[in-house]
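Contents: one structure, followed by commentary.
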Amino acid sequence: MGKERCAVIGIGQTKYASTRGDVSMAGLVREAAYRALEDAEMTWQDIDAVVLGKAPDFFEGVMMPELFLADALGCAGKPMLRVHTAGSVGGSTALVATTLVQAGIHDRVLLVGFEKQSESNAMWALSLPQPFSVSINAGAGGYFSPIIRQYMEVSQAPELIGCLVAFKDRQHALKNPYAHLHQKDLTFEQVVDSPMLWEPIRYSETCPSSDGACAMVLGNEATADAADKPVAWVQATAMRSEANNFPGRNDVSPLASRQCAQDLYRQAGIQNPRAEIDMLEMYVPFSWYEPMWLESLGFAEDGQGWRLVEDGSTQLDGGDLPVNCSGGVLSSNPIGASGTIRFAEAALQVRGLAEERQVDGVRRALGHAYGGGAQYFAMWIVGSEKP
Amino acid sequence: MSANATGSEASSAGESASTTADGRLRADLVLEYPFNRTTGEIIGAFLTGLREGVIYGVRTSDGSIMAPPTDYDPNTAEPLTELVEVGPAGEVKSWTWCAEPRRQQPWNHPFAWALIRLDGAHTHMLHAVRVASPAEMRIGMRVEPKWNAERQGHICDIAYFEPVAG
């Protein structure tokens, strides 16, 4: 941690949908940015710098969009930084913005994560052909399904744990007006009966493809102390990466993931995450990643994460460790924004502003994002107390 | 500037691998994705205007007219909503000769790219001027659009600009 404290002052999100045909890319990011500025009770003029995060540029076919979006985000004459760490980018964008404030370089930073996936086809964009190789997977699910099968084998988890997660997250999404999927009539049986896309991942256990943007205004201590609305203090930040293909790699619980979480808890002085963290927003694009990440982040012993799903611990209603009250990535997935949404929803919970999806008495929440072949990780802990 | 061909999926390179004369493996790799673009209200109105044979700019925060328009002020970031008709003729601010056109450019014979300040606008629009040689291009010359008979809401609904007669 640097010398200056950093807090989340304002949060803004767009309505997530498979196609936001009503706005251009500029219109999409401005919708989130304006809402964050309003929430922070600020204007464009109050912002010192902008950090823009997005996943691969060929998802929209506009190379280096941060250049053409600079003036749309009030950044004429101001510093603009672009962050790109694949699927974890939404989180690492928040971390870069935090660093600018903690290092005392800027007092107030606007950060935006976005994706306008309707402008191309993200599934094929994630299935690049390799010369001299036969193509064996289509889309991200094709990459993760064998890893999930490995977890199911080693943990001996009941087969329907993934379906429980998918059903839970879609129920949570009903309380989030921004969520893409609002499946009011969905039943657990329908989740189970949904066709297999990449065995063992069903269609119902897969994230949607969404357009959307999420923005936050981060401020230094003086800015946060002057804010009328409650703020969320950044108590810990960590980012780790590893190669996705090396001998002896633990694909199910990558070393980078575990070390990232350990660094986070060390910074925040947390000995027992299960007892000391009140809720989680984790990046779960395929249902089984909830129990897998619970283990990797130290909330359950290896092979036991699925029990927290089965016994209802991760539910908003009645659970003592609610996970993804926003509906999670399973309910909205604009890839470049999804990490920002996790970090923002954690902050929203700490600020007590999560409305219908609010967990009572959240003092500390964890935001998590991952990307690539489960190889890039970004995490933060936000809380109601100054670090 | 010409309309892009779209609609191809990513193609596998495996089938086209071959061995070169010196024994190296060689394979083509073609990356193709279908792209489309959402315009939003102001650029959408600009393109719809082109289909109707009208060019629109937008009034910015300081009162000046920007053509082509965006839906936000580039200096203040405030939203912009007031469309104003400009042109159709204008003045060449700057130009460059395209001696060897590439595949997706307007024509396969040489032409001039030009920044054109349409009458009533304070900013410049990039388009193409159709003249036989660079000798016919001059900063400050007046040009007017030649509209396609069939238009679809695309920048190429203006087939080219040409010198105003007289």
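By order of appearance in the structure tokens: chains A, B, ..., then residues from 1 within every chain, and ligands from 1 in the order shown.
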
Looking only at the backbone, which of the residues in chain B does DSSP tag as helix (DSSP H, G or I), as an MDAnalysis selection string? chainID B and resid 14:16 40:51 134:136 155:157

Starting from chain A, keep only residues with some atom at most 9 Å from an atom of chain B, counting only C-alpha atoms, and report them as a ChimeraX atom specification. /A:20-27,44-45,58-61,70-77,118-121,124-125,127-135

Enumerate, in order of chain and increasing residue number, the residues of stretch 15-117 of chain B with an atom no farther than 7 Å from stretch 140-152 of chain B, each with its shortest atom pair and distance in Å to one decimal, counting only C-alpha atoms, as CSV.
residue,atom,partner,partner_atom,distance
B:Arg51,CA,B:Arg151,CA,5.0
B:Pro88,CA,B:Glu144,CA,6.2
B:Ala89,CA,B:Glu144,CA,4.2
B:Gly90,CA,B:Val143,CA,5.5
B:Glu91,CA,B:Arg142,CA,4.6
B:Val92,CA,B:Gly140,CA,5.1
B:Lys93,CA,B:Gly140,CA,6.0

Could you write those residues out with all heavy atoms, as a CSV table (one decimal), in the first residue's frame?
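Saved to result_28.csv:
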chain,number,residue,atom,x,y,z
B,51,ARG,N,-28.6,9.3,-46.4
B,51,ARG,CA,-29.5,8.5,-47.2
B,51,ARG,C,-30.5,9.4,-47.9
B,51,ARG,O,-31.0,9.2,-49.0
B,51,ARG,CB,-30.2,7.4,-46.4
B,51,ARG,CG,-30.9,6.3,-47.2
B,51,ARG,CD,-31.5,5.3,-46.3
B,51,ARG,NE,-32.6,5.9,-45.4
B,51,ARG,CZ,-32.9,5.4,-44.3
B,51,ARG,NH1,-32.3,4.3,-43.8
B,51,ARG,NH2,-33.9,5.9,-43.6
B,88,PRO,N,-24.5,21.8,-49.0
B,88,PRO,CA,-23.7,20.6,-49.4
B,88,PRO,C,-22.3,20.9,-49.9
B,88,PRO,O,-21.4,20.0,-49.9
B,88,PRO,CB,-24.5,19.9,-50.5
B,88,PRO,CG,-25.3,21.0,-51.1
B,88,PRO,CD,-25.5,22.0,-50.0
B,89,ALA,N,-22.1,22.1,-50.4
B,89,ALA,CA,-20.7,22.4,-50.9
B,89,ALA,C,-19.8,22.8,-49.8
B,89,ALA,O,-20.2,23.1,-48.7
B,89,ALA,CB,-20.8,23.5,-52.0
B,90,GLY,N,-18.5,22.9,-50.1
B,90,GLY,CA,-17.5,23.3,-49.1
B,90,GLY,C,-16.2,23.6,-49.7
B,90,GLY,O,-16.1,23.7,-51.0
B,91,GLU,N,-15.2,23.9,-48.8
B,91,GLU,CA,-13.9,24.3,-49.3
B,91,GLU,C,-12.9,23.3,-48.9
B,91,GLU,O,-12.9,22.8,-47.7
B,91,GLU,CB,-13.7,25.7,-48.6
B,91,GLU,CG,-12.5,26.4,-49.0
B,91,GLU,CD,-12.4,27.7,-48.2
B,91,GLU,OE1,-13.3,28.6,-48.4
B,91,GLU,OE2,-11.5,27.9,-47.4
B,92,VAL,N,-11.9,23.0,-49.8
B,92,VAL,CA,-10.9,22.1,-49.4
B,92,VAL,C,-9.8,22.8,-48.5
B,92,VAL,O,-9.3,23.8,-48.9
B,92,VAL,CB,-10.2,21.6,-50.7
B,92,VAL,CG1,-8.9,20.9,-50.4
B,92,VAL,CG2,-11.1,20.7,-51.5
B,93,LYS,N,-9.6,22.2,-47.4
B,93,LYS,CA,-8.7,22.8,-46.4
B,93,LYS,C,-7.3,22.2,-46.6
B,93,LYS,O,-6.3,22.9,-46.5
B,93,LYS,CB,-9.2,22.4,-45.0
B,93,LYS,CG,-8.2,22.5,-43.9
B,93,LYS,CD,-7.9,23.9,-43.4
B,93,LYS,CE,-7.0,23.9,-42.2
B,93,LYS,NZ,-6.7,25.2,-41.7

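Surrounding stretch 137-151 of chain A within 7 Å are Met123, Trp124, Leu126, Ser127, Ser135, Glu153, Val154, Ser155, Trp198, Glu199, Pro200, Ile201, Asp251, Val252 and Trp288 of chain A, with only C-alpha atoms counted and residues fewer than 2 positions along the same chain left out.
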
Residues within 12 Å of B:Tyr160, only C-alpha atoms, excluding chain neighbours under 2 positions, as a PyMOL selection string: chain B and resi 1-2+89+105-107+111-114+116+126-131+143-148+155-158+162-163

Going by DSSP on the backbone, which residues of stretch 105-187 of chain A come out as strand (DSSP E)? List them as a list of chain:residue names. A:Arg108, A:Val109, A:Leu110, A:Leu111, A:Val112, A:Gly113, A:Phe114, A:Glu115, A:Lys116

Quick one: pull the distance between atom CA of A:Glu189 and atom CA of A:Asn324, Å, one decimal.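 Computed distance, atom CA of A:Glu189 to atom CA of A:Asn324, equals 21.4 Å.
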
What lies within 10 Å of A:Arg108 using only C-alpha atoms, ignoring chain neighbours under 5 positions off, as an MDAnalysis selection string? chainID A and resid 6:9 42 46:50 97:98 100:101 217:220 223:224

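Closest approach to B:Ala45 among B:Gly63, B:Gly120, B:Pro68, B:Gly87: B:Pro68, based on only C-alpha atoms.
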
Rounded to one decimal, what separation in Å do you get between atom CA of A:Asp225 and atom CA of A:Lys78? 24.6 Å
